[in-house]
Amino acid sequence: MSDTFDELWGALAPVGRQRTTGGYRRFSWTAADAEARAWFTAAATDRGLTVETDRNGNLWAWWGEPGPDALVTGSHLDSVPDGGGYDGPLGVVSALAAVDELRARGVRPARPLAVTVFVEEEGARFGVACLGSRLLTGAITPERARGLTDADGITWARAMADAGLDPDRIGADPEAVRRIGTFVELHIEQGRHLVHRGSALGVASAVWPHGRWRLDFTGQADHAGTTRLADRNDPMLPFAETVLAARATAEAHDAVATIGKVQVHPNGTNAIPSRVRAWLDARAPDEATLRTVVDGVTAAARRSSGRHGVSHASFQESFSPVVRFREDLRDRVAAVIGGPDGSAPVLPTGAGHDAGTLAASTATVMMFVRNPSGVSHAPDEYAEPADCHAGVTALADVLADLLGA
Ligand code: HGY
Ligand code: MN
Ligand code: MN
Ligand code: MN
């Protein structure tokens, strides 16, 4: 058994980690991202893999000549603000370690194999999740992507150009998608299903439909001390009522709704805001329920804004339909990683992934590694070393099985 996981993990772990909280801030096209991409390129090159950057900024490290029916595995290296260290990197590090494991077993792939890193999976800087895989598959137009901006108004095009890539080349890459025979993504579980099942590993059955909506509340800026309450058009009030409405609506429909990002303008202690801009992240087991929840929240926002003399507008910024992974592939992988005591658990996820984007056009399967606390998108995200190593062995088993080795 080759055991390079720890060495790979130790080299990547410090990149983008915040001293204050231990969480990660690895936003696309920033210095931390460049450092993470350089780490990946060096680690892959050290393994004799040929690294190429596609027109959208995704990284592909090839074992053998790039070609049709490739077996591809990987994930992402970017994070949410103050995120955990496993969401994304566990899939990338495990893929490189699985290549080492396959080599140690004497496997020589009869078909091309690639390890990938998709760019801007979290959408933490530019607002649309899975941007690299959406561009690759044509699930977002290059025009829309080029114009996406971060909190400082820097566009995707500008940030990409500053990182040395040509934003005029971005867009669907049908040749690159056709080349993928099967995509396998290993990911830390973002929940506690595997803990409850007492299993280190699991396989995804589906990704819940989910999306992001921007909610704008526009009122009248004024002095906090001299403006009578009756004379106010304070956008903070309908915003606050909408946060509570989102929770109540989601609860009533067994869905989830989160408002975790808010921008207040002008954001002064002694100034009644002129505008509150908030983002709703909503997810549900099916699309009809998701639509009901989002309609309920935006209706509540409109009603509340009317009551407070505030104008309201809501915009859908991204939407991911339900993904059901191919059952034959799902069951095959569950059998391979389940080992002698039977198939591994199969579970849905409320988290979006590049595997979900690719599933629309490629045979795709996702494997999960147990997360003892279930916490994710936070510094406490963690997986036991023994479970990480089990994930590498299982990924190598799955790749070997899919290679017919
Ligand atoms: O938001 C998500 O579900 C994913 O982590 N991008
Ligand atoms: Mn994530
Ligand atoms: Mn992820
Ligand atoms: Mn004053």
# chains A, B, ... in the order shown; residues from 1 in each chain; ligands from 1
>>> residues_near_ligand(ligand="ligand 1", cutoff="9 Å", atoms="only C-alpha atoms and all ligand atoms", output="MDAnalysis selection string")
chainID A and resid 79:80 87:88 120:124 128:130 190 210:211 281 349:354 376:377
>>> select_by_dssp(residues="stretch 23-262 of chain A", states="strand (DSSP E or B)", output="ChimeraX atom specification")
/A:24,50-53,59-63,70-76,83,113-118,149,155,180-188,201-207,210-218,222-223,256-262
>>> closest_residue(among="A:Leu49, A:Val184, A:Leu329, A:Val262", to="A:Leu71", atoms="only C-alpha atoms")
A:Val184
>>> select_by_dssp(residues="stretch 167-339 of chain A", states="alpha helix (DSSP H)", output="VMD selection string")
chain A and resid 174 to 179 193 to 197 236 to 252 287 to 307 327 to 338
>>> closest_residue(among="A:Arg330, A:Arg17, A:Arg158, A:Arg25", to="A:Asp78", atoms="only C-alpha atoms")
A:Arg25
>>> closest_atom_pairs(of="chain A", to="ligand 4", cutoff="12 Å", atoms="only C-alpha atoms and all ligand atoms", output="CSV")
residue,atom,partner,partner_atom_place_in_ligand_line,distance
A:Asp222,CA,ligand 4,1 (Mn),10.7
A:His223,CA,ligand 4,1 (Mn),7.8
A:Ala224,CA,ligand 4,1 (Mn),9.4
A:Gly225,CA,ligand 4,1 (Mn),9.0
A:Thr226,CA,ligand 4,1 (Mn),10.0
A:Gly268,CA,ligand 4,1 (Mn),11.3
A:Thr269,CA,ligand 4,1 (Mn),11.2
A:Asn270,CA,ligand 4,1 (Mn),8.1
A:Ala271,CA,ligand 4,1 (Mn),9.2
>>> write_last_selection(atoms="C-alpha atoms", output="PDB file, in the first residue's frame")
ATOM      1  CA  ASP A 222     -31.782  59.011   7.057  1.00  0.00           C
ATOM      2  CA  HIS A 223     -30.367  60.094  10.391  1.00  0.00           C
ATOM      3  CA  ALA A 224     -30.625  57.456  13.122  1.00  0.00           C
ATOM      4  CA  GLY A 225     -31.170  60.047  15.822  1.00  0.00           C
ATOM      5  CA  THR A 226     -33.460  62.639  14.339  1.00  0.00           C
ATOM      6  CA  GLY A 268     -23.185  53.044   9.307  1.00  0.00           C
ATOM      7  CA  THR A 269     -24.152  52.764  12.965  1.00  0.00           C
ATOM      8  CA  ASN A 270     -25.960  56.106  13.010  1.00  0.00           C
ATOM      9  CA  ALA A 271     -27.530  55.946   9.545  1.00  0.00           C
TER      10      ALA A 271
END
>>> residues_around(residues="A:Gly296", least_positions_apart="5", cutoff="9 Å", atoms="only C-alpha atoms", output="short mmCIF file (atom, residue, chain, number, x, y, z; two decimals) with N, CA, C and O atoms, in the first residue's frame")
data_model
loop_
_atom_site.label_atom_id
_atom_site.label_comp_id
_atom_site.auth_asym_id
_atom_site.auth_seq_id
_atom_site.Cartn_x
_atom_site.Cartn_y
_atom_site.Cartn_z
N ALA A 245 -39.22 34.57 7.86
CA ALA A 245 -40.17 33.90 6.96
C ALA A 245 -39.48 32.76 6.21
O ALA A 245 -40.06 31.69 5.99
N ALA A 246 -38.22 32.96 5.85
CA ALA A 246 -37.48 31.90 5.14
C ALA A 246 -37.36 30.66 6.02
O ALA A 246 -37.61 29.53 5.57
N THR A 249 -40.90 29.05 6.37
CA THR A 249 -41.37 28.42 5.12
C THR A 249 -40.61 27.12 4.86
O THR A 249 -41.20 26.09 4.51
N ARG A 291 -39.47 25.28 -5.36
CA ARG A 291 -40.15 26.43 -5.97
C ARG A 291 -41.18 27.01 -4.98
O ARG A 291 -41.27 28.21 -4.80
N ALA A 301 -41.35 38.63 1.42
CA ALA A 301 -40.47 39.81 1.30
C ALA A 301 -41.24 40.98 0.68
O ALA A 301 -41.14 42.12 1.15
#
>>> residues_around(residues="A:Ala145", least_positions_apart="6", cutoff="10 Å", atoms="only C-alpha atoms", output="PyMOL selection string")
chain A and resi 126-128+131-132+134-135+155-157+167+170-171
>>> write_last_selection(atoms="C-alpha atoms", output="PDB file, in the first residue's frame")
ATOM      1  CA  PHE A 126     -18.058  35.480  -7.760  1.00  0.00           C
ATOM      2  CA  GLY A 127     -21.432  34.205  -6.567  1.00  0.00           C
ATOM      3  CA  VAL A 128     -22.161  31.231  -8.852  1.00  0.00           C
ATOM      4  CA  LEU A 131     -18.582  27.909 -12.184  1.00  0.00           C
ATOM      5  CA  GLY A 132     -15.689  25.934 -13.706  1.00  0.00           C
ATOM      6  CA  ARG A 134     -20.778  24.957 -15.521  1.00  0.00           C
ATOM      7  CA  LEU A 135     -18.576  26.752 -18.060  1.00  0.00           C
ATOM      8  CA  THR A 155     -15.040  40.828 -12.696  1.00  0.00           C
ATOM      9  CA  TRP A 156     -14.313  37.163 -13.356  1.00  0.00           C
ATOM     10  CA  ALA A 157     -12.723  38.244 -16.623  1.00  0.00           C
ATOM     11  CA  PRO A 167     -11.070  35.322 -20.382  1.00  0.00           C
ATOM     12  CA  ILE A 170     -13.890  30.718 -21.688  1.00  0.00           C
ATOM     13  CA  GLY A 171     -16.966  28.752 -22.622  1.00  0.00           C
TER      14      GLY A 171
END
>>> residues_around(residues="stretch 35-44 of chain A", least_positions_apart="5", cutoff="8 Å", atoms="only C-alpha atoms", output="list of chain:residue names")
A:Leu8, A:Ala11, A:Leu12, A:Val15, A:Leu49, A:Thr50, A:Val51, A:Ala61, A:Leu77, A:Leu96
>>> write_last_selection(atoms="N, CA, C and O atoms", output="compact mmCIF listing (two decimals), in the first residue's frame")
# COMPACT_ATOMS: atom_id res chain seq x y z
N LEU A 8 0.99 14.43 1.09
CA LEU A 8 0.26 15.37 0.22
C LEU A 8 -0.58 16.32 1.07
O LEU A 8 -0.58 17.53 0.88
N ALA A 11 1.33 19.01 2.90
CA ALA A 11 1.87 20.09 2.05
C ALA A 11 0.78 21.10 1.70
O ALA A 11 1.02 22.30 1.60
N LEU A 12 -0.46 20.62 1.51
CA LEU A 12 -1.55 21.52 1.08
C LEU A 12 -2.20 22.24 2.27
O LEU A 12 -2.62 23.41 2.15
N VAL A 15 -2.02 26.06 3.06
CA VAL A 15 -2.32 27.02 1.99
C VAL A 15 -3.70 27.64 2.18
O VAL A 15 -4.71 26.95 2.14
N LEU A 49 2.54 13.02 -14.11
CA LEU A 49 1.28 13.36 -14.78
C LEU A 49 1.50 14.64 -15.59
O LEU A 49 2.26 15.52 -15.19
N THR A 50 0.82 14.74 -16.72
CA THR A 50 0.96 15.94 -17.57
C THR A 50 -0.18 16.90 -17.23
O THR A 50 -1.35 16.54 -17.41
N VAL A 51 0.17 18.09 -16.74
CA VAL A 51 -0.87 19.02 -16.27
C VAL A 51 -1.21 20.03 -17.36
O VAL A 51 -0.32 20.61 -17.98
N ALA A 61 -4.70 16.77 -14.72
CA ALA A 61 -3.38 16.12 -14.66
C ALA A 61 -3.54 14.72 -15.24
O ALA A 61 -4.22 13.86 -14.67
N LEU A 77 -10.39 23.07 -5.04
CA LEU A 77 -9.50 23.54 -3.98
C LEU A 77 -9.96 24.86 -3.38
O LEU A 77 -9.42 25.28 -2.36
N LEU A 96 -4.79 12.07 -6.07
CA LEU A 96 -3.34 11.92 -6.31
C LEU A 96 -2.80 10.72 -5.55
O LEU A 96 -2.01 9.93 -6.08
